[in-house]
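Printed here is start_7.txt (compact mmCIF, C-alpha atoms):
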```
# COMPACT_ATOMS: atom_id res chain seq x y z
CA MET A 1 -10.67 39.01 78.66
CA ASN A 2 -10.70 42.37 76.85
CA VAL A 3 -10.83 45.78 78.55
CA SER A 4 -14.53 46.41 77.89
CA LYS A 5 -15.43 43.07 79.47
CA LEU A 6 -13.21 43.84 82.46
CA LEU A 7 -14.93 47.19 82.97
CA LEU A 8 -18.36 45.62 82.63
CA SER A 9 -17.44 42.93 85.15
CA ALA A 10 -16.05 45.47 87.62
CA CYS A 11 -19.06 47.71 87.17
CA CYS A 12 -21.41 44.81 87.83
CA ALA A 13 -19.47 44.01 90.99
CA ALA A 14 -19.80 47.62 92.09
CA THR A 15 -23.53 47.50 91.38
CA LEU A 16 -23.94 44.80 94.02
CA LEU A 17 -22.89 47.38 96.60
CA SER A 18 -25.74 49.72 95.75
CA THR A 19 -29.26 49.97 97.10
CA PRO A 20 -31.57 49.91 94.06
CA PHE A 21 -34.26 52.51 93.67
CA THR A 22 -37.84 51.34 93.99
CA ALA A 23 -41.10 53.18 93.52
CA MET A 24 -42.12 54.55 96.90
CA ALA A 25 -44.45 57.47 97.52
CA ASP A 26 -43.01 60.54 99.23
CA THR A 27 -39.54 59.03 99.31
CA ALA A 28 -36.45 61.12 98.56
CA LYS A 29 -33.95 59.48 96.23
CA VAL A 30 -30.24 60.19 96.65
CA ALA A 31 -27.53 58.43 94.62
CA VAL A 32 -23.90 58.51 95.76
CA SER A 33 -20.91 57.70 93.57
CA GLN A 34 -17.55 57.34 95.34
CA ILE A 35 -14.27 56.90 93.50
CA VAL A 36 -12.71 54.41 95.93
CA GLU A 37 -13.22 53.06 99.42
CA HIS A 38 -10.79 54.40 102.02
CA PRO A 39 -11.32 55.77 105.56
CA ALA A 40 -11.65 59.48 104.68
CA LEU A 41 -14.16 59.00 101.87
CA ASP A 42 -16.06 56.31 103.77
CA ALA A 43 -16.35 58.72 106.72
CA THR A 44 -17.67 61.38 104.34
CA ARG A 45 -20.40 59.02 103.14
CA GLN A 46 -21.37 58.05 106.70
CA GLY A 47 -21.48 61.70 107.73
CA LEU A 48 -23.77 62.38 104.78
CA LEU A 49 -26.14 59.60 105.83
CA ASP A 50 -26.18 60.70 109.46
CA GLY A 51 -26.55 64.34 108.50
CA LEU A 52 -29.56 63.54 106.32
CA LYS A 53 -31.10 61.54 109.16
CA ALA A 54 -30.69 64.52 111.48
CA LYS A 55 -32.60 66.59 108.94
CA GLY A 56 -35.47 64.12 108.75
CA TYR A 57 -34.37 61.90 105.85
CA GLU A 58 -33.84 58.37 107.10
CA GLN A 59 -32.81 55.40 104.98
CA GLY A 60 -35.55 52.77 104.81
CA LYS A 61 -38.25 55.23 105.85
CA ASN A 62 -38.41 58.24 103.58
CA LEU A 63 -34.97 58.02 101.94
CA GLU A 64 -33.64 55.73 99.24
CA PHE A 65 -29.85 55.92 99.37
CA ALA A 66 -28.03 54.24 96.47
CA TYR A 67 -24.27 53.89 96.67
CA GLN A 68 -21.60 52.56 94.34
CA THR A 69 -17.82 52.69 94.34
CA ALA A 70 -15.73 52.91 91.19
CA GLN A 71 -12.91 50.91 92.81
CA GLY A 72 -10.44 53.66 91.91
CA ASN A 73 -11.24 53.46 88.18
CA PRO A 74 -12.51 56.65 86.46
CA ALA A 75 -13.94 54.57 83.59
CA ILE A 76 -16.15 52.70 86.06
CA ALA A 77 -17.14 56.05 87.58
CA VAL A 78 -18.49 57.03 84.16
CA GLN A 79 -20.52 53.81 83.96
CA ILE A 80 -21.94 54.40 87.45
CA ALA A 81 -22.86 57.99 86.55
CA ARG A 82 -24.78 56.89 83.48
CA GLN A 83 -26.65 54.24 85.43
CA PHE A 84 -27.57 56.63 88.24
CA VAL A 85 -28.76 59.34 85.82
CA GLY A 86 -30.97 56.75 84.14
CA GLU A 87 -32.59 55.98 87.50
CA LYS A 88 -33.55 59.66 87.90
CA PRO A 89 -32.77 60.33 91.58
CA ASP A 90 -33.65 63.65 93.19
CA VAL A 91 -30.00 64.45 93.96
CA LEU A 92 -26.68 62.97 92.85
CA VAL A 93 -23.63 63.13 95.13
CA GLY A 94 -20.08 62.70 93.88
CA ILE A 95 -17.50 61.87 96.57
CA ALA A 96 -14.02 62.87 95.30
CA THR A 97 -13.07 64.53 92.03
CA PRO A 98 -13.26 61.72 89.41
CA SER A 99 -16.72 60.57 90.55
CA ALA A 100 -18.00 64.14 90.68
CA GLN A 101 -16.64 64.83 87.18
CA ALA A 102 -18.39 61.74 85.82
CA LEU A 103 -21.73 62.79 87.33
CA VAL A 104 -21.46 66.37 86.08
CA ALA A 105 -20.66 65.11 82.57
CA ALA A 106 -23.65 62.75 82.63
CA THR A 107 -26.46 65.23 83.40
CA LYS A 108 -27.38 68.89 83.02
CA SER A 109 -30.72 68.58 84.80
CA ILE A 110 -30.40 66.48 87.97
CA PRO A 111 -28.78 68.42 90.85
CA VAL A 112 -25.21 67.25 91.54
CA VAL A 113 -23.52 67.89 94.88
CA PHE A 114 -19.77 67.29 94.91
CA THR A 115 -17.85 66.74 98.13
CA ALA A 116 -14.26 65.98 99.18
CA VAL A 117 -13.11 67.71 95.99
CA THR A 118 -9.90 69.71 96.24
CA ASP A 119 -10.24 72.17 93.36
CA PRO A 120 -13.80 72.29 91.92
CA VAL A 121 -12.95 75.12 89.52
CA GLY A 122 -9.72 73.53 88.29
CA ALA A 123 -11.56 70.21 87.87
CA LYS A 124 -14.12 72.06 85.71
CA LEU A 125 -17.04 71.09 87.94
CA ILE A 126 -18.03 74.74 88.32
CA LYS A 127 -16.74 78.04 86.94
CA ASP A 128 -17.15 80.10 90.10
CA MET A 129 -17.48 79.02 93.75
CA GLU A 130 -19.85 81.90 94.48
CA LYS A 131 -22.00 81.34 91.39
CA PRO A 132 -22.54 77.60 90.91
CA ASN A 133 -23.54 76.09 87.58
CA ALA A 134 -27.18 75.43 86.81
CA ASN A 135 -27.18 72.01 88.47
CA VAL A 136 -23.83 71.73 90.30
CA THR A 137 -22.59 72.88 93.72
CA GLY A 138 -20.90 71.40 96.77
CA LEU A 139 -17.94 71.34 99.15
CA SER A 140 -14.21 71.60 98.59
CA ASP A 141 -11.70 69.97 100.93
CA LEU A 142 -8.82 72.12 99.73
CA SER A 143 -5.94 71.12 102.00
CA PRO A 144 -3.98 73.78 103.92
CA VAL A 145 -0.78 72.63 102.20
CA ALA A 146 1.33 75.56 103.40
CA GLN A 147 0.41 74.59 106.97
CA HIS A 148 1.40 70.98 106.23
CA VAL A 149 4.85 72.09 105.08
CA ALA A 150 5.22 74.31 108.14
CA LEU A 151 4.22 71.32 110.29
CA ALA A 152 6.94 69.20 108.68
CA LYS A 153 9.47 71.98 109.31
CA GLU A 154 8.42 72.26 112.94
CA LEU A 155 8.86 68.52 113.37
CA LEU A 156 12.20 68.46 111.50
CA PRO A 157 13.80 71.91 111.77
CA ASN A 158 16.89 70.85 109.80
CA MET A 159 15.07 69.27 106.88
CA THR A 160 16.07 70.39 103.37
CA SER A 161 13.71 68.30 101.24
CA ILE A 162 10.19 66.91 101.29
CA GLY A 163 8.94 64.04 99.16
CA VAL A 164 5.52 63.38 97.71
CA VAL A 165 3.85 60.55 95.80
CA TYR A 166 0.76 61.41 93.77
CA ASN A 167 -1.40 60.37 90.83
CA PRO A 168 -0.85 62.83 87.94
CA GLY A 169 -4.14 61.63 86.46
CA GLU A 170 -6.13 63.10 89.36
CA ALA A 171 -6.87 66.81 88.97
CA ASN A 172 -7.07 67.25 92.74
CA ALA A 173 -3.64 65.66 93.23
CA VAL A 174 -2.03 67.85 90.58
CA ALA A 175 -3.46 70.96 92.27
CA LEU A 176 -2.13 69.83 95.66
CA VAL A 177 1.37 69.18 94.37
CA GLU A 178 1.46 72.62 92.78
CA LEU A 179 0.55 74.11 96.16
CA LEU A 180 3.25 71.93 97.74
CA ARG A 181 5.89 73.26 95.36
CA GLU A 182 4.93 76.84 96.21
CA ALA A 183 4.90 76.22 99.97
CA ALA A 184 8.18 74.28 99.90
CA ASP A 185 9.86 77.01 97.88
CA ALA A 186 8.77 79.58 100.47
CA GLN A 187 10.42 77.41 103.16
CA GLY A 188 13.58 76.84 101.12
CA LEU A 189 12.83 73.13 100.64
CA LYS A 190 13.42 70.90 97.64
CA VAL A 191 10.45 68.77 96.53
CA VAL A 192 11.15 65.16 95.51
CA GLU A 193 8.26 63.83 93.42
CA GLY A 194 7.12 60.31 92.61
CA THR A 195 4.06 59.34 90.57
CA ALA A 196 1.65 56.44 90.90
CA LEU A 197 -1.14 55.93 88.39
CA LYS A 198 -2.70 53.16 90.48
CA SER A 199 -2.68 52.01 94.10
CA ALA A 200 -0.29 49.16 93.36
CA ASP A 201 2.37 51.68 92.27
CA VAL A 202 2.35 53.74 95.48
CA GLN A 203 4.74 51.66 97.59
CA SER A 204 7.46 51.36 94.95
CA ALA A 205 7.23 55.08 94.17
CA ALA A 206 7.42 55.86 97.90
CA GLN A 207 10.56 53.74 98.28
CA ILE A 208 12.36 55.86 95.67
CA VAL A 209 11.10 59.14 97.10
CA ALA A 210 11.94 58.16 100.70
CA SER A 211 15.53 57.43 99.71
CA GLN A 212 15.93 61.02 98.49
CA ALA A 213 13.84 63.15 100.89
CA ASP A 214 13.93 63.98 104.60
CA ALA A 215 10.18 63.41 105.03
CA ILE A 216 7.25 62.28 102.92
CA TYR A 217 4.08 64.31 102.52
CA ALA A 218 0.95 62.19 102.01
CA PRO A 219 -1.63 64.38 100.23
CA THR A 220 -5.37 63.81 100.04
CA ASP A 221 -4.85 61.98 96.76
CA ASN A 222 -7.31 59.09 96.44
CA THR A 223 -4.73 56.76 94.92
CA VAL A 224 -2.32 57.43 97.78
CA ALA A 225 -5.07 57.19 100.40
CA SER A 226 -6.12 53.76 99.16
CA ALA A 227 -2.52 52.53 99.53
CA ILE A 228 -1.41 54.53 102.55
CA ASP A 229 -0.09 51.44 104.38
CA GLY A 230 2.36 50.82 101.54
CA LEU A 231 3.53 54.43 101.55
CA VAL A 232 4.04 54.49 105.33
CA GLY A 233 5.79 51.12 105.19
CA ALA A 234 8.24 52.40 102.58
CA ALA A 235 8.87 55.55 104.61
CA ASN A 236 9.44 53.58 107.82
CA GLN A 237 11.91 51.31 106.07
CA ALA A 238 13.90 54.41 105.09
CA LYS A 239 13.48 55.86 108.61
CA LYS A 240 11.61 58.88 107.24
CA PRO A 241 8.45 60.35 108.83
CA VAL A 242 5.17 60.74 106.98
CA ILE A 243 3.30 64.03 107.30
CA GLY A 244 -0.38 63.53 106.48
CA GLY A 245 -2.72 65.84 104.64
CA ALA A 246 -5.57 64.01 106.39
CA THR A 247 -5.88 62.91 110.01
CA SER A 248 -7.21 59.56 108.77
CA TYR A 249 -3.55 58.69 107.96
CA ILE A 250 -2.55 58.75 111.64
CA PRO A 251 -3.75 55.18 112.49
CA ASN A 252 -1.74 53.96 109.48
CA GLY A 253 1.48 55.36 110.93
CA ALA A 254 1.78 59.00 109.85
CA VAL A 255 3.73 60.89 112.54
CA ALA A 256 1.71 64.08 112.27
CA ALA A 257 -1.29 65.21 110.25
CA LEU A 258 -3.34 68.33 109.84
CA GLY A 259 -6.62 67.91 108.06
CA PHE A 260 -10.36 67.83 107.97
CA ASP A 261 -12.63 65.59 109.92
CA TYR A 262 -14.16 63.91 106.88
CA TYR A 263 -17.18 62.72 108.81
CA GLN A 264 -17.97 66.38 109.46
CA ILE A 265 -17.47 67.14 105.76
CA GLY A 266 -20.17 64.54 105.10
CA VAL A 267 -22.46 66.19 107.64
CA GLN A 268 -21.89 69.55 105.95
CA THR A 269 -22.63 67.93 102.59
CA ALA A 270 -25.98 66.80 103.97
CA ASP A 271 -26.90 70.47 104.36
CA TYR A 272 -26.72 70.88 100.58
CA VAL A 273 -28.57 67.66 99.80
CA ALA A 274 -31.37 68.33 102.30
CA ALA A 275 -31.79 71.88 101.00
CA LEU A 276 -32.21 70.55 97.45
CA LEU A 277 -34.63 67.85 98.60
CA ASN A 278 -36.62 70.60 100.33
CA GLY A 279 -36.98 72.51 97.06
CA GLU A 280 -34.05 74.93 97.20
CA GLN A 281 -32.51 75.89 93.88
CA VAL A 282 -28.85 75.13 93.16
CA SER A 283 -28.31 78.81 92.30
CA ALA A 284 -29.09 79.69 95.92
CA LEU A 285 -26.38 77.35 97.26
CA PRO A 286 -22.84 78.69 96.59
CA ALA A 287 -20.01 76.18 96.69
CA LYS A 288 -17.62 76.59 99.61
CA VAL A 289 -14.59 75.13 101.37
CA ALA A 290 -15.50 72.79 104.22
CA VAL A 291 -15.09 74.11 107.75
CA GLY A 292 -12.77 72.76 110.44
CA SER A 293 -9.35 71.15 110.74
CA ASP A 294 -7.64 68.95 113.31
CA LEU A 295 -3.99 68.45 114.29
CA ALA A 296 -3.17 64.84 115.16
CA ILE A 297 0.13 63.45 116.45
CA ASN A 298 1.21 59.81 116.51
CA LEU A 299 3.77 59.53 119.31
CA LYS A 300 4.18 55.80 118.80
CA ALA A 301 5.14 56.33 115.16
CA ALA A 302 7.53 59.13 116.12
CA GLN A 303 9.24 56.99 118.75
CA LYS A 304 9.61 54.16 116.24
CA LEU A 305 11.66 56.55 114.09
CA GLY A 306 13.54 58.03 117.02
CA LEU A 307 11.90 61.43 116.60
CA GLU A 308 11.13 63.75 119.47
CA VAL A 309 7.91 65.69 118.92
CA PRO A 310 8.21 69.32 120.11
CA GLN A 311 6.04 70.12 123.12
CA ALA A 312 4.55 73.08 121.24
CA LEU A 313 3.08 70.65 118.70
CA LEU A 314 1.71 68.37 121.42
CA ASP A 315 0.11 71.36 123.13
CA ARG A 316 -1.74 72.34 119.90
CA ALA A 317 -2.80 68.81 118.97
CA THR A 318 -6.47 67.93 119.03
CA THR A 319 -5.60 64.24 119.31
CA VAL A 320 -2.42 62.42 120.37
CA GLU A 321 -2.03 58.71 119.67
CA LYS A 322 0.32 57.00 122.12
```

Written form, structure tokens:
Amino acid sequence: MNVSKLLLSACCAATLLSTPFTAMADTAKVAVSQIVEHPALDATRQGLLDGLKAKGYEQGKNLEFAYQTAQGNPAIAVQIARQFVGEKPDVLVGIATPSAQALVAATKSIPVVFTAVTDPVGAKLIKDMEKPNANVTGLSDLSPVAQHVALAKELLPNMTSIGVVYNPGEANAVALVELLREAADAQGLKVVEGTALKSADVQSAAQIVASQADAIYAPTDNTVASAIDGLVGAANQAKKPVIGGATSYIPNGAVAALGFDYYQIGVQTADYVAALLNGEQVSALPAKVAVGSDLAINLKAAQKLGLEVPQALLDRATTVEK
């Protein structure tokens, strides 16, 4: 089967996950494109749905909510974007950078709200956070990478290196790794890098990185997030802790994580979508960085590696998994 047929087949499979638009009077139409299914992005989508309901837009009553996932493939994201634009929804929502980029490239007239996007300006979604484009605005989930490195240092005071696996094809991941290099340099740490262009590459890349670094940093890279079990497994095998850029990595075995509550990011995204559905202009809705962060500790994972978590960290933690 050739590549075009594979993409068509995958896109058709993704279409089965969507709720098709139908002609209904006084019904708001929102279409959501998500690059891949993993806990953080799924929580964002659920928060969006719940946030819209709290604002009076309920699926099945006065809201048509179409959803498709690109299964981690930017080419499928482009196909989804074209389909959604053709269906003329009131608002398009792009969850994560590649899906948001595809939507923005597909229309200059339908409002696009991006969310869970690390660097909207660097990804060329908008030129200025304060002055959004004619039809594009939304929320950034720019990770506090310097705090992540400080967290790793607090957990392992004698560490000299930190490893990272990322997808160099994702603009958000590239931006995060650049921030990691800067933060590590400030702490006197060497950065050991491994790349993974697809989810299936994450574990093998993590095995190499874990053999050369004192700890592994798991960024909010969609490729890494979709294969987080493989990354944690490789780190555990090398007896190295994983520091998460998202608290959603804690149940998978990360020892510590500082990050956003992605459900709340979804709820905050609903503020934008509801405002647009209520007639607000995009120009009146500046893009911004999402609010809130949580510190989570996984004592069970730490004990498995023979690590003692400092009491100061436990005292600051918002959640501790035992």

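The space between atom CA of A:Leu295 and atom CA of A:Val255 spans 10.9 Å.
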
Find the residue from A:Val209, A:Leu125, A:Val224, A:Leu180 that sits nearest to A:Leu197; use all atoms listed in the file when measuring. A:Val224

The residue from A:Ser161, A:Thr97, A:Asn62, A:Gln264 with the smallest atom-to-atom distance to A:Asp119, counting all atoms listed in the file, is A:Thr97

Spatial neighbours of A:Ile297, 9 Å, all atoms listed in the file, chain gap at least 6 places, as JSON, numbers by chain: {"A": [247, 250, 254, 255, 256, 257, 258, 309, 313, 314, 317, 318, 319, 320, 321, 322]}

What's the 10 Å shell around stretch 134-142 of chain A, counting all atoms listed in the file, without same-chain residues fewer than 4 positions away, as a ChimeraX atom specification? /A:91-97,100,103-104,107-121,125-126,128-130,172,175-176,220,259-260,262,265-266,268-273,281-292

Atom CA of A:Asp315 sits from atom CA of A:Ala302 at a separation of 15.9 Å

Suppose you want the space between atom CA of A:Gly230 and atom CA of A:Val202; what is it in Å?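 Separating atom CA of A:Gly230 from atom CA of A:Val202 is a distance of 6.7 Å.
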
For a quick check of understanding, using only C-alpha atoms, which of A:Val242, A:Leu63, A:Ile80, A:Ala28 has the smallest distance to A:His148?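 Closest to A:His148 of all the choices is A:Val242.
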
Measuring atom to atom with all atoms listed in the file, identify which of A:Gln71, A:Ser293, A:Gln207, A:Gln59 is nearest to A:Ser33. A:Gln71

Close residues, A:Leu305 itself excluded, 8 Å, all atoms listed in the file, min 2 positions apart in chain, as number ranges by chain: A: 236, 239-241, 301-303, 307

Measuring atom to atom with all atoms listed in the file, identify which of A:Ala215, A:Val267, A:Ala173, A:Val165 is nearest to A:Leu231.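 Selected residue with least distance to A:Leu231: A:Val165.
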
Put the listed atoms of stretch 90-107 of chain A in a box along x, y and z with 5 Å added on every side and give me the centre and edge lengths in Å to one decimal, as AutoDock Vina command-line options.
```
--center_x -23.4 --center_y 63.5 --center_z 89.6 --size_x 30.6 --size_y 15.8 --size_z 24.0
```

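Among the candidates A:Glu178, A:Asp261, A:Asp90, A:Glu58, the one nearest to A:Val32 when counting only C-alpha atoms is A:Asp90.
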
Can you find the residues with an atom no farther than 10 Å from (-2.0, 60.1, 92.4), counting only C-alpha atoms, and report them as JSON, numbers by chain? {"A": [164, 165, 166, 167, 168, 169, 170, 171, 172, 173, 174, 177, 194, 195, 196, 197, 198, 199, 201, 202, 219, 220, 221, 222, 223, 224, 225]}

Kindly output stretch 100-124 of chain A as a PDB file, in the frame of the given file, after building N, CA, C and O atoms.
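Produced file out-v1.pdb, reproduced below:
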```
ATOM      1  N   ALA A 100     -17.228  62.919  90.893  1.00  0.00           N
ATOM      2  CA  ALA A 100     -18.000  64.140  90.680  1.00  0.00           C
ATOM      3  C   ALA A 100     -17.937  64.567  89.212  1.00  0.00           C
ATOM      4  O   ALA A 100     -18.956  64.956  88.625  1.00  0.00           O
ATOM      5  N   GLN A 101     -16.766  64.469  88.604  1.00  0.00           N
ATOM      6  CA  GLN A 101     -16.640  64.830  87.180  1.00  0.00           C
ATOM      7  C   GLN A 101     -17.520  63.947  86.303  1.00  0.00           C
ATOM      8  O   GLN A 101     -18.151  64.441  85.361  1.00  0.00           O
ATOM      9  N   ALA A 102     -17.566  62.661  86.612  1.00  0.00           N
ATOM     10  CA  ALA A 102     -18.390  61.740  85.820  1.00  0.00           C
ATOM     11  C   ALA A 102     -19.869  62.089  85.935  1.00  0.00           C
ATOM     12  O   ALA A 102     -20.607  62.068  84.940  1.00  0.00           O
ATOM     13  N   LEU A 103     -20.320  62.426  87.126  1.00  0.00           N
ATOM     14  CA  LEU A 103     -21.730  62.790  87.330  1.00  0.00           C
ATOM     15  C   LEU A 103     -22.075  64.077  86.608  1.00  0.00           C
ATOM     16  O   LEU A 103     -23.123  64.184  85.952  1.00  0.00           O
ATOM     17  N   VAL A 104     -21.209  65.069  86.718  1.00  0.00           N
ATOM     18  CA  VAL A 104     -21.460  66.370  86.080  1.00  0.00           C
ATOM     19  C   VAL A 104     -21.516  66.215  84.560  1.00  0.00           C
ATOM     20  O   VAL A 104     -22.332  66.861  83.890  1.00  0.00           O
ATOM     21  N   ALA A 105     -20.662  65.341  84.011  1.00  0.00           N
ATOM     22  CA  ALA A 105     -20.660  65.110  82.570  1.00  0.00           C
ATOM     23  C   ALA A 105     -21.900  64.357  82.101  1.00  0.00           C
ATOM     24  O   ALA A 105     -22.292  64.450  80.931  1.00  0.00           O
ATOM     25  N   ALA A 106     -22.534  63.630  83.016  1.00  0.00           N
ATOM     26  CA  ALA A 106     -23.650  62.750  82.630  1.00  0.00           C
ATOM     27  C   ALA A 106     -25.014  63.440  82.651  1.00  0.00           C
ATOM     28  O   ALA A 106     -25.972  62.915  82.078  1.00  0.00           O
ATOM     29  N   THR A 107     -25.144  64.590  83.327  1.00  0.00           N
ATOM     30  CA  THR A 107     -26.460  65.230  83.400  1.00  0.00           C
ATOM     31  C   THR A 107     -26.340  66.745  83.528  1.00  0.00           C
ATOM     32  O   THR A 107     -25.424  67.255  84.170  1.00  0.00           O
ATOM     33  N   LYS A 108     -27.281  67.426  82.900  1.00  0.00           N
ATOM     34  CA  LYS A 108     -27.380  68.890  83.020  1.00  0.00           C
ATOM     35  C   LYS A 108     -28.669  69.273  83.736  1.00  0.00           C
ATOM     36  O   LYS A 108     -28.968  70.462  83.873  1.00  0.00           O
ATOM     37  N   SER A 109     -29.421  68.283  84.195  1.00  0.00           N
ATOM     38  CA  SER A 109     -30.720  68.580  84.800  1.00  0.00           C
ATOM     39  C   SER A 109     -30.842  68.134  86.259  1.00  0.00           C
ATOM     40  O   SER A 109     -31.396  68.857  87.093  1.00  0.00           O
ATOM     41  N   ILE A 110     -30.313  66.964  86.589  1.00  0.00           N
ATOM     42  CA  ILE A 110     -30.400  66.480  87.970  1.00  0.00           C
ATOM     43  C   ILE A 110     -29.371  67.217  88.824  1.00  0.00           C
ATOM     44  O   ILE A 110     -28.206  67.328  88.434  1.00  0.00           O
ATOM     45  N   PRO A 111     -29.754  67.745  89.997  1.00  0.00           N
ATOM     46  CA  PRO A 111     -28.780  68.420  90.850  1.00  0.00           C
ATOM     47  C   PRO A 111     -27.637  67.495  91.257  1.00  0.00           C
ATOM     48  O   PRO A 111     -27.864  66.348  91.647  1.00  0.00           O
ATOM     49  N   VAL A 112     -26.407  68.001  91.151  1.00  0.00           N
ATOM     50  CA  VAL A 112     -25.210  67.250  91.540  1.00  0.00           C
ATOM     51  C   VAL A 112     -24.519  68.016  92.670  1.00  0.00           C
ATOM     52  O   VAL A 112     -24.221  69.208  92.533  1.00  0.00           O
ATOM     53  N   VAL A 113     -24.274  67.326  93.772  1.00  0.00           N
ATOM     54  CA  VAL A 113     -23.520  67.890  94.880  1.00  0.00           C
ATOM     55  C   VAL A 113     -22.175  67.176  94.959  1.00  0.00           C
ATOM     56  O   VAL A 113     -22.136  65.966  95.154  1.00  0.00           O
ATOM     57  N   PHE A 114     -21.092  67.907  94.757  1.00  0.00           N
ATOM     58  CA  PHE A 114     -19.770  67.290  94.910  1.00  0.00           C
ATOM     59  C   PHE A 114     -19.284  67.501  96.333  1.00  0.00           C
ATOM     60  O   PHE A 114     -19.668  68.451  97.017  1.00  0.00           O
ATOM     61  N   THR A 115     -18.430  66.590  96.802  1.00  0.00           N
ATOM     62  CA  THR A 115     -17.850  66.740  98.130  1.00  0.00           C
ATOM     63  C   THR A 115     -16.489  66.056  98.161  1.00  0.00           C
ATOM     64  O   THR A 115     -16.214  65.162  97.350  1.00  0.00           O
ATOM     65  N   ALA A 116     -15.631  66.493  99.098  1.00  0.00           N
ATOM     66  CA  ALA A 116     -14.260  65.980  99.180  1.00  0.00           C
ATOM     67  C   ALA A 116     -13.531  66.177  97.858  1.00  0.00           C
ATOM     68  O   ALA A 116     -12.786  65.318  97.400  1.00  0.00           O
ATOM     69  N   VAL A 117     -13.749  67.335  97.250  1.00  0.00           N
ATOM     70  CA  VAL A 117     -13.110  67.710  95.990  1.00  0.00           C
ATOM     71  C   VAL A 117     -12.160  68.872  96.273  1.00  0.00           C
ATOM     72  O   VAL A 117     -12.566  69.897  96.820  1.00  0.00           O
ATOM     73  N   THR A 118     -10.911  68.714  95.904  1.00  0.00           N
ATOM     74  CA  THR A 118      -9.900  69.710  96.240  1.00  0.00           C
ATOM     75  C   THR A 118     -10.086  71.024  95.494  1.00  0.00           C
ATOM     76  O   THR A 118     -10.131  72.095  96.096  1.00  0.00           O
ATOM     77  N   ASP A 119     -10.203  70.963  94.184  1.00  0.00           N
ATOM     78  CA  ASP A 119     -10.240  72.170  93.360  1.00  0.00           C
ATOM     79  C   ASP A 119     -11.402  72.080  92.364  1.00  0.00           C
ATOM     80  O   ASP A 119     -11.209  71.706  91.211  1.00  0.00           O
ATOM     81  N   PRO A 120     -12.619  72.422  92.783  1.00  0.00           N
ATOM     82  CA  PRO A 120     -13.800  72.290  91.920  1.00  0.00           C
ATOM     83  C   PRO A 120     -13.698  73.096  90.635  1.00  0.00           C
ATOM     84  O   PRO A 120     -14.169  72.657  89.586  1.00  0.00           O
ATOM     85  N   VAL A 121     -13.077  74.277  90.716  1.00  0.00           N
ATOM     86  CA  VAL A 121     -12.950  75.120  89.520  1.00  0.00           C
ATOM     87  C   VAL A 121     -11.915  74.518  88.572  1.00  0.00           C
ATOM     88  O   VAL A 121     -12.155  74.372  87.371  1.00  0.00           O
ATOM     89  N   GLY A 122     -10.759  74.144  89.107  1.00  0.00           N
ATOM     90  CA  GLY A 122      -9.720  73.530  88.290  1.00  0.00           C
ATOM     91  C   GLY A 122     -10.163  72.212  87.667  1.00  0.00           C
ATOM     92  O   GLY A 122      -9.733  71.862  86.565  1.00  0.00           O
ATOM     93  N   ALA A 123     -11.034  71.482  88.383  1.00  0.00           N
ATOM     94  CA  ALA A 123     -11.560  70.210  87.870  1.00  0.00           C
ATOM     95  C   ALA A 123     -12.714  70.415  86.904  1.00  0.00           C
ATOM     96  O   ALA A 123     -13.291  69.445  86.399  1.00  0.00           O
ATOM     97  N   LYS A 124     -13.056  71.697  86.656  1.00  0.00           N
ATOM     98  CA  LYS A 124     -14.120  72.060  85.710  1.00  0.00           C
ATOM     99  C   LYS A 124     -15.508  71.567  86.134  1.00  0.00           C
ATOM    100  O   LYS A 124     -16.367  71.289  85.291  1.00  0.00           O
TER     101      LYS A 124
END
```
